[in-house]
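Student: File protein_9.tsv below, TSV, C-alpha atoms:
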chain	number	residue	atom	x	y	z
E	201	MET	CA	-138.90	68.02	-97.82
E	202	SER	CA	-136.84	69.76	-95.18
E	203	GLU	CA	-134.47	72.42	-96.20
E	204	LEU	CA	-130.76	71.52	-96.11
E	205	SER	CA	-128.65	73.42	-93.59
E	206	PHE	CA	-125.90	75.70	-94.85
E	207	GLU	CA	-123.33	73.29	-93.48
E	208	GLN	CA	-124.90	70.35	-95.36
E	209	MET	CA	-125.00	72.33	-98.58
E	210	LEU	CA	-121.36	73.33	-98.09
E	211	ASP	CA	-120.36	69.70	-97.55
E	212	GLU	CA	-122.16	68.59	-100.70
E	213	SER	CA	-120.40	71.29	-102.74
E	214	PHE	CA	-117.09	69.49	-102.16
E	215	LYS	CA	-116.05	66.35	-103.99
E	216	THR	CA	-115.65	63.05	-102.22
E	217	ILE	CA	-112.28	61.32	-102.07
E	218	ARG	CA	-111.06	57.85	-101.08
E	219	ASN	CA	-107.82	56.33	-99.86
E	220	GLY	CA	-105.54	55.51	-102.78
E	221	GLU	CA	-107.11	58.07	-105.08
E	222	VAL	CA	-104.89	60.43	-107.09
E	223	VAL	CA	-105.87	64.07	-106.63
E	224	GLU	CA	-104.67	67.36	-108.05
E	225	GLY	CA	-104.30	70.43	-105.89
E	226	THR	CA	-102.87	73.92	-105.61
E	227	VAL	CA	-100.16	74.76	-103.10
E	228	ILE	CA	-101.58	77.25	-100.57
E	229	GLY	CA	-98.81	76.97	-98.03
E	230	VAL	CA	-95.29	75.54	-97.76
E	231	LYS	CA	-92.88	75.10	-94.85
E	232	GLU	CA	-89.46	73.46	-94.64
E	233	ASP	CA	-91.08	70.12	-93.74
E	234	GLU	CA	-94.67	70.40	-94.99
E	235	ILE	CA	-96.76	71.30	-98.05
E	236	ILE	CA	-100.42	72.32	-97.78
E	237	LEU	CA	-102.66	71.71	-100.81
E	238	ASN	CA	-106.13	72.87	-101.72
E	239	ILE	CA	-107.55	69.71	-103.30
E	240	GLY	CA	-111.18	70.87	-103.65
E	241	TYR	CA	-112.20	68.92	-100.59
E	242	LYS	CA	-113.68	70.16	-97.34
E	243	ALA	CA	-110.25	69.61	-95.74
E	244	ASP	CA	-106.82	70.61	-97.02
E	245	GLY	CA	-104.26	68.03	-98.09
E	246	ILE	CA	-100.93	67.70	-96.29
E	247	ILE	CA	-97.68	66.34	-97.74
E	248	THR	CA	-94.95	65.87	-95.15
E	249	ARG	CA	-91.28	65.96	-96.06
E	250	ASN	CA	-91.06	62.16	-95.65
E	251	GLU	CA	-93.92	61.73	-98.12
E	252	TYR	CA	-92.38	64.14	-100.63
E	253	SER	CA	-88.82	62.81	-100.89
E	254	ASN	CA	-86.39	60.22	-99.53
E	255	ASP	CA	-84.04	63.09	-98.67
E	256	SER	CA	-84.62	63.70	-94.95
E	257	ASN	CA	-82.74	67.01	-95.12
E	258	LEU	CA	-84.65	68.48	-98.07
E	259	ASP	CA	-86.06	71.99	-97.48
E	260	LEU	CA	-89.46	71.88	-99.20
E	261	THR	CA	-89.49	75.67	-99.67
E	262	THR	CA	-86.67	75.22	-102.19
E	263	VAL	CA	-88.65	72.90	-104.46
E	264	VAL	CA	-92.29	74.01	-104.16
E	265	SER	CA	-93.91	77.48	-104.21
E	266	VAL	CA	-97.37	78.78	-103.32
E	267	GLY	CA	-99.55	78.64	-106.44
E	268	ASP	CA	-97.91	75.52	-107.88
E	269	THR	CA	-100.21	72.71	-108.94
E	270	MET	CA	-99.24	69.13	-108.25
E	271	GLU	CA	-100.63	65.62	-108.13
E	272	ALA	CA	-100.56	63.43	-105.03
E	273	LYS	CA	-102.04	60.21	-103.76
E	274	VAL	CA	-104.42	60.00	-100.77
E	275	LEU	CA	-102.99	57.98	-97.87
E	276	LYS	CA	-105.67	58.86	-95.28
E	277	VAL	CA	-108.83	60.88	-95.80
E	278	ASN	CA	-108.59	61.96	-92.16
E	279	ASP	CA	-105.21	62.03	-90.50
E	280	GLY	CA	-106.81	62.43	-87.09
E	281	GLU	CA	-106.66	66.21	-87.17
E	282	GLY	CA	-109.27	66.69	-89.86
E	283	GLN	CA	-106.75	66.94	-92.70
E	284	VAL	CA	-106.09	64.68	-95.68
E	285	LEU	CA	-102.72	62.94	-95.58
E	286	LEU	CA	-101.17	62.81	-99.06
E	287	THR	CA	-98.04	61.31	-100.61
E	288	TYR	CA	-96.15	62.70	-103.57
E	289	LYS	CA	-93.20	60.34	-103.23
E	290	ARG	CA	-95.18	57.11	-103.57
E	291	LEU	CA	-97.13	58.37	-106.55
E	292	ALA	CA	-93.85	59.40	-108.21
E	293	ALA	CA	-92.41	55.96	-107.38
E	294	GLU	CA	-95.38	54.27	-109.06
E	295	LYS	CA	-94.86	56.40	-112.14
E	296	GLY	CA	-91.15	55.68	-111.91
E	297	ASN	CA	-91.80	51.95	-111.75
E	298	LYS	CA	-93.94	52.24	-114.85
E	299	ARG	CA	-91.07	54.07	-116.52
E	300	LEU	CA	-88.63	51.34	-115.44
E	301	GLU	CA	-90.94	48.62	-116.70
E	302	GLU	CA	-91.03	50.22	-120.14
E	303	ALA	CA	-87.24	50.60	-120.08
E	304	PHE	CA	-86.90	46.92	-119.09
E	305	GLU	CA	-89.12	45.78	-121.96
E	306	ASN	CA	-87.38	48.05	-124.48
E	307	LYS	CA	-83.83	47.39	-123.18
E	308	GLU	CA	-83.44	51.17	-122.89
E	309	VAL	CA	-80.27	52.71	-121.49
E	310	LEU	CA	-81.09	54.83	-118.43
E	311	THR	CA	-79.07	57.46	-116.58
E	312	ALA	CA	-79.43	58.19	-112.87
E	313	LYS	CA	-77.45	59.46	-109.90
E	314	VAL	CA	-76.01	57.07	-107.32
E	315	THR	CA	-77.75	57.91	-104.04
E	316	GLN	CA	-76.21	55.19	-101.89
E	317	VAL	CA	-73.13	53.00	-101.88
E	318	LEU	CA	-74.05	49.73	-100.17
E	319	ASP	CA	-71.94	46.72	-99.16
E	320	GLY	CA	-73.23	44.72	-102.10
E	321	GLY	CA	-73.51	47.38	-104.77
E	322	LEU	CA	-75.06	50.73	-105.68
E	323	SER	CA	-78.52	52.20	-105.22
E	324	VAL	CA	-79.83	54.68	-107.78
E	325	VAL	CA	-83.14	56.53	-107.86
E	326	LEU	CA	-85.01	57.35	-111.05
E	327	ASP	CA	-88.29	59.29	-110.65
E	328	GLU	CA	-88.40	58.19	-106.98
E	329	ALA	CA	-88.12	54.52	-108.00
E	330	ARG	CA	-85.12	52.65	-106.62
E	331	VAL	CA	-82.84	50.46	-108.70
E	332	PHE	CA	-80.15	48.21	-107.22
E	333	ILE	CA	-76.96	47.56	-109.17
E	334	PRO	CA	-74.99	44.63	-107.65
E	335	ALA	CA	-71.24	45.13	-107.24
E	336	SER	CA	-70.61	42.40	-109.84
E	337	LEU	CA	-72.57	44.43	-112.41
E	338	VAL	CA	-71.07	47.85	-111.68
E	339	SER	CA	-67.90	47.49	-113.76
E	340	ASP	CA	-66.27	45.16	-116.27
E	341	SER	CA	-63.38	44.65	-113.82
E	342	TYR	CA	-63.29	43.96	-110.09
E	343	GLU	CA	-63.55	47.07	-107.94
E	344	LYS	CA	-62.99	46.72	-104.22
E	345	ASP	CA	-64.05	50.27	-103.33
E	346	LEU	CA	-67.29	51.58	-104.84
E	347	THR	CA	-67.38	54.86	-102.89
E	348	LYS	CA	-66.05	56.77	-105.91
E	349	TYR	CA	-69.50	56.33	-107.51
E	350	GLN	CA	-71.34	58.23	-104.75
E	351	ASP	CA	-73.39	61.08	-106.28
E	352	GLN	CA	-72.09	60.20	-109.76
E	353	GLU	CA	-74.47	59.84	-112.71
E	354	ILE	CA	-74.11	56.42	-114.34
E	355	ASP	CA	-75.67	54.62	-117.29
E	356	PHE	CA	-77.32	51.21	-116.89
E	357	VAL	CA	-80.02	48.91	-118.23
E	358	ILE	CA	-82.73	47.09	-116.28
E	359	THR	CA	-82.12	43.32	-116.37
E	360	GLU	CA	-84.72	42.26	-113.82
E	361	PHE	CA	-88.03	43.96	-112.99
E	362	ASN	CA	-90.14	42.63	-110.12
E	363	PRO	CA	-91.55	45.55	-108.08
E	364	ARG	CA	-93.79	43.27	-105.99
E	365	ARG	CA	-90.68	41.65	-104.55
E	366	ARG	CA	-88.96	45.01	-104.55
E	367	ARG	CA	-86.41	43.58	-106.94
E	368	ILE	CA	-85.42	45.96	-109.72
E	369	ILE	CA	-81.89	45.14	-110.89
E	370	GLY	CA	-79.69	47.37	-113.02
E	371	ASP	CA	-76.60	46.39	-115.03
E	372	ARG	CA	-73.80	48.78	-115.95
E	373	LYS	CA	-71.23	46.11	-116.78
E	374	GLN	CA	-72.80	44.98	-120.07
E	375	LEU	CA	-72.78	48.56	-121.37
E	376	LEU	CA	-69.08	48.90	-120.58
E	377	MET	CA	-68.31	45.55	-122.22
E	378	ALA	CA	-70.28	46.47	-125.32
E	379	LYS	CA	-68.48	49.79	-125.57
E	380	LYS	CA	-65.13	48.10	-125.01
E	381	ALA	CA	-65.88	45.54	-127.75
E	382	GLU	CA	-66.72	48.36	-130.14
E	383	MET	CA	-63.55	50.24	-129.26
E	384	GLN	CA	-61.52	47.03	-129.57
E	385	LYS	CA	-62.88	46.39	-133.05
E	386	GLU	CA	-62.07	49.95	-134.10
E	387	LEU	CA	-58.56	49.69	-132.59
E	388	PHE	CA	-57.65	46.44	-134.38
E	389	GLU	CA	-58.87	47.90	-137.67
E	390	ARG	CA	-56.59	50.88	-137.17
E	391	ILE	CA	-53.28	49.50	-135.85
E	392	HIS	CA	-50.60	47.46	-137.61
E	393	PRO	CA	-47.17	46.08	-136.65
E	394	GLY	CA	-44.63	48.89	-136.91
E	395	ASP	CA	-47.07	51.63	-135.87
E	396	VAL	CA	-46.17	53.96	-133.02
E	397	VAL	CA	-49.19	54.61	-130.79
E	398	GLU	CA	-49.96	56.37	-127.53
E	399	GLY	CA	-51.37	54.58	-124.50
E	400	THR	CA	-51.64	54.67	-120.74
E	401	ILE	CA	-49.79	52.38	-118.35
E	402	LYS	CA	-52.49	50.24	-116.72
E	403	ASN	CA	-50.53	47.81	-114.58
E	404	VAL	CA	-46.86	47.03	-113.93
E	405	THR	CA	-45.63	43.54	-113.04
E	406	ASP	CA	-42.23	41.90	-112.56
E	407	PHE	CA	-42.25	40.65	-116.16
E	408	GLY	CA	-43.60	43.73	-117.94
E	409	ALA	CA	-46.30	46.38	-118.17
E	410	PHE	CA	-49.82	46.31	-119.56
E	411	ILE	CA	-50.63	49.34	-121.68
E	412	ASP	CA	-54.21	50.52	-122.30
E	413	LEU	CA	-54.37	51.44	-125.98
E	414	GLY	CA	-58.01	52.53	-125.86
E	415	GLY	CA	-60.03	49.41	-126.59
E	416	ALA	CA	-57.47	46.73	-125.79
E	417	ASP	CA	-54.39	46.20	-123.65
E	418	GLY	CA	-50.96	45.48	-125.04
E	419	LEU	CA	-48.04	43.83	-123.24
E	420	LEU	CA	-44.72	45.62	-123.00
E	421	HIS	CA	-42.46	42.77	-121.95
E	422	ILE	CA	-39.44	43.52	-119.76
E	423	SER	CA	-37.16	42.46	-122.63
E	424	GLU	CA	-38.72	45.15	-124.86
E	425	MET	CA	-38.57	48.03	-122.39
E	426	SER	CA	-35.17	49.27	-123.45
E	427	TRP	CA	-32.26	48.55	-125.75
E	428	GLY	CA	-30.44	48.16	-122.46
E	429	ARG	CA	-31.26	46.08	-119.41
E	430	VAL	CA	-34.24	46.72	-117.10
E	431	GLU	CA	-33.95	44.89	-113.78
E	432	ASN	CA	-37.20	46.03	-112.16
E	433	PRO	CA	-40.06	47.46	-114.30
E	434	LYS	CA	-41.77	48.86	-111.20
E	435	LYS	CA	-38.87	51.25	-110.66
E	436	VAL	CA	-39.15	52.58	-114.21
E	437	PHE	CA	-42.88	52.71	-114.96
E	438	LYS	CA	-45.89	53.92	-112.96
E	439	ALA	CA	-49.57	53.08	-113.50
E	440	GLY	CA	-51.53	55.99	-114.97
E	441	GLU	CA	-48.61	57.52	-116.89
E	442	PRO	CA	-48.94	58.16	-120.64
E	443	ILE	CA	-46.51	56.31	-122.90
E	444	LYS	CA	-45.66	56.11	-126.59
E	445	VAL	CA	-44.99	52.54	-127.77
E	446	LEU	CA	-44.22	50.57	-130.91
E	447	ILE	CA	-46.61	47.84	-132.10
E	448	LYS	CA	-44.21	44.91	-132.41
E	449	ASP	CA	-46.69	42.15	-133.22
E	450	ILE	CA	-50.44	41.39	-133.32
E	451	ASN	CA	-51.52	37.79	-132.77
E	452	GLY	CA	-55.30	37.41	-132.55
E	453	ASP	CA	-56.38	39.69	-129.74
E	454	LYS	CA	-52.87	39.85	-128.24
E	455	ILE	CA	-50.71	42.89	-128.88
E	456	ALA	CA	-46.95	42.82	-128.26
E	457	LEU	CA	-45.38	46.21	-127.65
E	458	SER	CA	-41.85	47.55	-127.59
E	459	LEU	CA	-39.83	50.62	-126.70
E	460	LYS	CA	-36.95	49.50	-128.90
E	461	PHE	CA	-37.40	52.09	-131.65
E	462	GLU	CA	-35.15	51.20	-134.58
E	463	ASP	CA	-33.83	54.73	-135.04
E	464	GLN	CA	-32.51	54.52	-131.47
E	465	ASN	CA	-30.82	51.13	-131.98
E	466	PRO	CA	-27.33	51.55	-130.50
E	467	TRP	CA	-25.91	49.00	-132.96
E	468	LEU	CA	-26.58	51.34	-135.90
E	469	ASP	CA	-23.26	53.17	-135.35
E	470	ALA	CA	-21.56	50.55	-133.17
E	471	ALA	CA	-19.19	49.45	-135.97
E	472	GLU	CA	-17.54	52.87	-135.93
E	473	LYS	CA	-17.61	53.46	-132.18
E	474	TYR	CA	-16.36	49.99	-131.26
E	475	ALA	CA	-14.08	49.12	-134.15
E	476	ALA	CA	-11.17	46.79	-133.41
E	477	GLY	CA	-8.29	48.77	-131.89
E	478	ASN	CA	-10.52	51.41	-130.23
E	479	ILE	CA	-10.05	52.06	-126.53
E	480	VAL	CA	-13.42	52.02	-124.72
E	481	GLU	CA	-14.82	52.39	-121.25
E	482	GLY	CA	-17.70	50.46	-119.76
E	483	ARG	CA	-19.41	49.17	-116.63
E	484	ILE	CA	-19.23	45.53	-115.54
E	485	ALA	CA	-22.84	44.32	-115.78
E	486	ARG	CA	-22.38	40.66	-114.80
E	487	MET	CA	-19.73	38.02	-114.45
E	488	THR	CA	-19.27	34.30	-115.09
E	489	ASP	CA	-16.34	31.96	-114.46
E	490	PHE	CA	-15.14	32.47	-118.04
E	491	GLY	CA	-15.34	36.25	-118.22
E	492	ALA	CA	-17.10	39.53	-117.50
E	493	PHE	CA	-19.76	41.23	-119.60
E	494	ILE	CA	-19.13	44.93	-119.99
E	495	GLU	CA	-21.99	47.33	-120.79
E	496	LEU	CA	-20.51	49.88	-123.16
E	497	GLU	CA	-23.86	51.66	-123.45
E	498	PRO	CA	-27.50	50.56	-122.97
E	499	GLY	CA	-28.04	47.71	-125.44
E	500	VAL	CA	-24.38	47.09	-126.27
E	501	ASP	CA	-22.48	44.55	-124.19
E	502	ALA	CA	-18.99	43.20	-124.81
E	503	LEU	CA	-17.18	40.15	-123.46
E	504	LEU	CA	-13.99	40.52	-121.47
E	505	HIS	CA	-12.67	36.93	-121.38
E	506	VAL	CA	-10.88	35.84	-118.22
E	507	SER	CA	-7.73	35.32	-120.29
E	508	GLN	CA	-7.87	38.99	-121.40
E	509	ILE	CA	-8.18	40.56	-117.96
E	510	SER	CA	-4.49	40.71	-117.15
E	511	ARG	CA	-1.09	39.45	-118.27
E	512	ALA	CA	-0.90	37.91	-114.82
E	513	HIS	CA	-2.85	34.70	-114.31
E	514	VAL	CA	-6.47	35.16	-113.17
E	515	ASP	CA	-8.52	32.14	-112.07
E	516	LYS	CA	-11.92	33.87	-111.96
E	517	PRO	CA	-12.98	37.40	-112.98
E	518	SER	CA	-14.51	37.94	-109.53
E	519	ASP	CA	-11.02	37.59	-108.00
E	520	VAL	CA	-9.96	40.93	-109.45
E	521	LEU	CA	-13.16	42.63	-110.70
E	522	SER	CA	-16.60	43.50	-109.27
E	523	VAL	CA	-20.05	44.17	-110.76
E	524	GLY	CA	-20.62	47.90	-111.28
E	525	GLN	CA	-16.91	48.64	-111.66
E	526	ILE	CA	-15.86	50.95	-114.52
E	527	VAL	CA	-13.08	49.50	-116.64
E	528	THR	CA	-11.06	50.62	-119.65
E	529	ALA	CA	-10.27	48.07	-122.34
E	530	LYS	CA	-9.25	47.66	-125.98
E	531	VAL	CA	-11.60	46.29	-128.64
E	532	VAL	CA	-9.91	43.22	-130.10
E	533	ASP	CA	-12.81	41.95	-132.21
E	534	PHE	CA	-16.10	43.35	-133.55
E	535	ASN	CA	-18.81	41.19	-135.17
E	536	GLY	CA	-21.78	43.33	-136.18
E	537	GLU	CA	-23.86	40.50	-137.63
E	538	GLU	CA	-23.82	38.49	-134.42
E	539	LYS	CA	-23.64	41.62	-132.25
E	540	LYS	CA	-20.53	40.38	-130.48
E	541	ILE	CA	-17.63	42.50	-129.24
E	542	SER	CA	-14.50	41.16	-127.56
E	543	LEU	CA	-12.40	43.28	-125.22
E	544	SER	CA	-8.99	43.05	-123.64
E	545	MET	CA	-7.59	44.83	-120.61
E	546	LYS	CA	-4.41	42.81	-120.97
E	547	ALA	CA	-3.72	44.52	-124.31
E	548	LEU	CA	-3.39	47.85	-122.51
E	549	GLU	CA	-0.81	46.53	-120.05
E	550	PRO	CA	2.88	46.91	-120.90
E	551	ALA	CA	4.75	43.76	-121.96
E	552	SER	CA	6.77	41.93	-119.25
E	553	GLU	CA	10.11	43.26	-120.54
E	554	ASP	CA	8.74	46.78	-120.45
E	555	ARG	CA	7.72	46.23	-116.84
E	556	GLU	CA	11.17	44.88	-116.01
E	557	GLU	CA	12.85	47.91	-117.60
E	558	ALA	CA	10.50	50.23	-115.74
E	559	ALA	CA	11.36	48.45	-112.48
E	560	TYR	CA	15.14	48.63	-113.25
E	561	ASP	CA	14.95	52.36	-113.97
E	562	THR	CA	13.17	52.87	-110.68
E	563	GLU	CA	15.85	50.97	-108.73
E	564	GLU	CA	18.56	53.14	-110.23
Once more with this new file: its structure as structure tokens, please.
Tutor:
Amino acid sequence: MSELSFEQMLDESFKTIRNGEVVEGTVIGVKEDEIILNIGYKADGIITRNEYSNDSNLDLTTVVSVGDTMEAKVLKVNDGEGQVLLTYKRLAAEKGNKRLEEAFENKEVLTAKVTQVLDGGLSVVLDEARVFIPASLVSDSYEKDLTKYQDQEIDFVITEFNPRRRRIIGDRKQLLMAKKAEMQKELFERIHPGDVVEGTIKNVTDFGAFIDLGGADGLLHISEMSWGRVENPKKVFKAGEPIKVLIKDINGDKIALSLKFEDQNPWLDAAEKYAAGNIVEGRIARMTDFGAFIELEPGVDALLHVSQISRAHVDKPSDVLSVGQIVTAKVVDFNGEEKKISLSMKALEPASEDREEAAYDTEE
């Protein structure tokens, strides 16, 4: 039996490795773009930056130090330069896929950072395994711009797991809907008609505003925005502003809101302020052929009949008056039950004989 050469004995002292095998090694060198591992083989193992992470700008010296131990998977026993080409990223992805598979089977809620905003949704990475969340499953409402999610950590569940087809689908929408349903249930158990609650203006339309009450939206109709008249809600309310509202009515899952707080009802002291015989001032809010409606204060209108505009004959109010004009008149009738007030400008004019005497005195 011939004696083995020193080189043969040295070769046999090292373990044998194969492509696809998982090995453990000790870091003996690290550069910005490369990690060198002692894996107990006759050649060192090399992990390039591309085989460590998907981040092409990652400085490997910031994540690995000499002396660290780590596992990697063999890509090539000989990379052409006598070294063993290893991958850390693909091994981590395999472990990540296993983690995702378990989460899929257990319906576990996962948390990961959004690494990419794509045309059709979001891409997140968990333990180097990629998950795609379609735009339709990102939120419980339509969102045109998803860029706000970049680099944000989000919660989701895995609804489809097929790594062979590279199809691992995440769903954030169902979590939001479940949370919203829970909040909605809690809200409806807590609120009652007559309660005053705080909310946030969510959307403003021509007919009203939708208020987020924290679990459900309520409608503040234009007719309930003030004791007075609101012509354009968009000029009064802005989305995102906080607001305190009155729960007017609850019908199923619909909530009617109001800003007509009873202690601010202008008709509470109207009987005294607008008693018959009082002289008042108001702004002409609108006109018809039979008269003009005078706003005495927000929520309190009075009728100035065409016959009460002047002692002289007036065919139509618009012949002598205009919307927005401030007029002074006398209250001739007050009906608190029906919330009706009648005014007269004619009553403040001097009688015809008084006018004639005034004219005579002037001529003299």
Student: When distances are computed from all atoms listed in the file, which of E:Leu413, E:Ile246, E:Val227, E:Leu237 shows the smallest separation from Val266 in chain E?
Tutor: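 Checking each candidate against Val266 in chain E, we get E:Val227 as the closest.
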Student: Would you pick out the contacts of Ile541 in chain E at 7 Å or less, using only C-alpha atoms, so that residues sharing its chain but fewer than 6 positions from it are not included, and give the list as a count of residues only?
Tutor: 5
Student: Write out as JSON lines a residue-level contact list of range 407-486 of chain E versus range 510-523 of chain E with cut-off 8 Å: for each qualifying residue the closest pair of atoms and the distance in Å to one decimal, counting all atoms listed in the file, rows sorted by chain and residue number upward.
Tutor:
{"residue": "E:Arg483", "atom": "CA", "partner": "E:Val523", "partner_atom": "CA", "distance": 7.7}
{"residue": "E:Ile484", "atom": "CA", "partner": "E:Val523", "partner_atom": "CA", "distance": 5.0}
{"residue": "E:Ala485", "atom": "CA", "partner": "E:Val523", "partner_atom": "CA", "distance": 5.7}
{"residue": "E:Arg486", "atom": "CA", "partner": "E:Val523", "partner_atom": "CA", "distance": 5.8}
Student: Take CA of Phe437 in chain E and CA of Lys460 in chain E and report the distance between them in Å, one decimal.
Tutor: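 Between these atoms lies a distance of 15.5 Å.
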Student: So which residues touch Glu398 in chain E within 7 Å, counting only C-alpha atoms, skipping near sequence neighbours fewer than 2 positions away, as a PyMOL selection string?
Tutor: chain E and resi 413+443-445
Student: Skip Ile447 in chain E itself and residues of its chain fewer than 6 positions away, then list as a VMD selection string all residues within 7 Å of it, counting only C-alpha atoms.
Tutor: chain E and resid 392 to 396 456 to 458
Student: If you count all atoms listed in the file, which residues fall within 8 Å of range 321-333 of chain E, apart from same-chain ones fewer than 3 positions away, as a PDB file with C-alpha atoms, in the coordinates of the input?
Tutor:
ATOM      1  CA  SER E 253     -88.820  62.810-100.890  1.00  0.00           C
ATOM      2  CA  ASN E 254     -86.390  60.220 -99.530  1.00  0.00           C
ATOM      3  CA  LYS E 289     -93.200  60.340-103.230  1.00  0.00           C
ATOM      4  CA  ARG E 290     -95.180  57.110-103.570  1.00  0.00           C
ATOM      5  CA  ALA E 292     -93.850  59.400-108.210  1.00  0.00           C
ATOM      6  CA  ALA E 293     -92.410  55.960-107.380  1.00  0.00           C
ATOM      7  CA  GLU E 294     -95.380  54.270-109.060  1.00  0.00           C
ATOM      8  CA  LYS E 295     -94.860  56.400-112.140  1.00  0.00           C
ATOM      9  CA  GLY E 296     -91.150  55.680-111.910  1.00  0.00           C
ATOM     10  CA  ASN E 297     -91.800  51.950-111.750  1.00  0.00           C
ATOM     11  CA  ALA E 312     -79.430  58.190-112.870  1.00  0.00           C
ATOM     12  CA  LYS E 313     -77.450  59.460-109.900  1.00  0.00           C
ATOM     13  CA  VAL E 314     -76.010  57.070-107.320  1.00  0.00           C
ATOM     14  CA  THR E 315     -77.750  57.910-104.040  1.00  0.00           C
ATOM     15  CA  GLN E 316     -76.210  55.190-101.890  1.00  0.00           C
ATOM     16  CA  VAL E 317     -73.130  53.000-101.880  1.00  0.00           C
ATOM     17  CA  LEU E 318     -74.050  49.730-100.170  1.00  0.00           C
ATOM     18  CA  SER E 336     -70.610  42.400-109.840  1.00  0.00           C
ATOM     19  CA  LEU E 337     -72.570  44.430-112.410  1.00  0.00           C
ATOM     20  CA  VAL E 338     -71.070  47.850-111.680  1.00  0.00           C
ATOM     21  CA  LEU E 346     -67.290  51.580-104.840  1.00  0.00           C
ATOM     22  CA  ARG E 367     -86.410  43.580-106.940  1.00  0.00           C
ATOM     23  CA  ILE E 368     -85.420  45.960-109.720  1.00  0.00           C
ATOM     24  CA  ILE E 369     -81.890  45.140-110.890  1.00  0.00           C
ATOM     25  CA  GLY E 370     -79.690  47.370-113.020  1.00  0.00           C
ATOM     26  CA  ASP E 371     -76.600  46.390-115.030  1.00  0.00           C
ATOM     27  CA  ARG E 372     -73.800  48.780-115.950  1.00  0.00           C
TER      28      ARG E 372
END
Student: Select, from E:Gly482, E:Gly408, E:Pro466, E:Gly415, the residue with the minimum atom-to-atom distance to Ile526 in chain E, counting only C-alpha atoms.
Tutor: E:Gly482
Student: Under the rule that only C-alpha atoms are counted, which of E:Thr226, E:Val531, E:Val274, E:Asp233 is the nearest residue to Asp255 in chain E?
Tutor: E:Asp233
Student: Between E:Asp259, E:Glu441, E:Glu481, E:Glu271, which residue has the minimum interatomic distance to Asn238 in chain E, considering only C-alpha atoms?
Tutor: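 Of all the options, E:Glu271 lies closest to Asn238 in chain E.
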Student: With distances taken over all atoms listed in the file, which residue among E:Glu424, E:Lys298, E:Lys276, E:Leu496 lies nearest Asn219 in chain E?
Tutor: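 Once distances to Asn219 in chain E are computed over all atoms listed in the file, the minimum belongs to E:Lys276.
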Student: For Thr405 in chain E, which of E:Leu387, E:Leu258, E:Ile422, E:Ile354 is the closest residue, counting all atoms listed in the file?
Tutor: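 The closest residue to Thr405 in chain E is E:Ile422.
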Student: Measure the distance from CA of Asp406 in chain E to CA of Ala492 in chain E in Å and round it to one decimal.
Tutor: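 Calculated distance between CA of Asp406 in chain E and CA of Ala492 in chain E is 25.7 Å.
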Student: Within 6 Å of Ile401 in chain E, counting all atoms listed in the file, which residues qualify if same-chain residues fewer than 2 places away don't, as a list in words?
Tutor: Asn403, Ile411, Ala439, Gly440 and Glu441 of chain E
Student: Provide the CA of Ile509 in chain E to CA of Leu468 in chain E distance in Å, to one decimal place.
Tutor: 27.9 Å
